[in-house]
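One structure is given here, and the rest of the page talks about it.
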Amino acid sequence: TPSPYILPVTGRTLAGFGSVQDGALSQGLTLAPAANAQVVAPAAGRVAYAWPYRGYGQIVIVEHPGGWTSLVTGLARSDVAVGQELVGGAPIGVAGPGRPTITLELRRAGQPVNPLDLAR
């Protein structure tokens with residue numbers, strides 16, 4: 001597993017893994033951080049994607065060793081580039097102004113995993 005694994009931002013939990021959100025089960029954890037909060041890589045890995053994506057704001061996908069992938073959505077700005085190697089805790093972007101939400105999804109071989117099972 002990616003270790004250590006941390007949450008990408010501090011904030012109030014809006015939706016937990018497996019909770020019903022918009023009629024579907026949440027496959028991640030949605031947090032409400034402070035406006036303009038720094039968002040960090042949850043673990044070491046390589047940036048596989050760092051662009052806007054349909055209605056999710058800027059998103060960053062980090063591939064970790066062993067077939068693990070973290071998806072962080074809701075960024076107002078991404079500060080990383082595809083192919084960039086990251087250490088856990090490295091800045092990847094910032095949350096938006098106002099009432100931002102940041103969602104973290106963790107997958108292993110494409111299957112959703114509760115990030116709280118690994119997070120410190």
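By convention here, the chains of the structure tokens are called A, B, ... in the order presented, each chain's residues are numbered starting at 1, and ligands are numbered starting at 1 in the order presented.
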Exercise. Skipping near chain neighbours, those fewer than 2 positions away, what residues fall within 6 Å of Gly45 (chain A) using only C-alpha atoms, listed as JSON, numbers by chain?
Worked result: {"A": [62, 63, 64, 85, 86]}
For this session: Write out as a list in words which residues come within 10 Å of Phe17 (chain A) when counting only C-alpha atoms, dropping same-chain ones fewer than 4 positions away.
Result: Gln21, Leu25, Ser26, Gln27, Gly28, Leu29, Thr30, Leu104, Glu105, Pro112, Val113, Asn114, Pro115 and Leu116 of chain A
For this session: Find the residues around region 88-100 of chain A up to 10 Å (only C-alpha atoms counted), leave out those fewer than 6 positions away in its own chain, and share them as a PyMOL selection string.
Result: chain A and resi 2-9+11+31-45+47+50+57-60+62+72-81
For this session: From the DSSP assignment of the backbone, select every residue of chain A that is strand (DSSP E), and format the answer as a PyMOL selection string.
Result: chain A and resi 11-15+20-21+24-25+29-33+38-40+45-52+58-64+68-78+85-86+91-95+102-108+111-113
Problem set entry | Non-local contacts of Gly67 (chain A) (10 Å; only C-alpha atoms; under 5 positions in same chain excluded) as a list in words |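 The residues that qualify are Thr1, Pro2, Arg107, Arg108, Ala109 and Gly110 of chain A.
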For this session: Identify which of the residues A:Asp117, A:Thr101, A:Arg46, A:Thr13 lies closest to Pro65 (chain A), counting only C-alpha atoms when measuring atom-to-atom distances.
Result: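 Closest candidate: A:Arg46.
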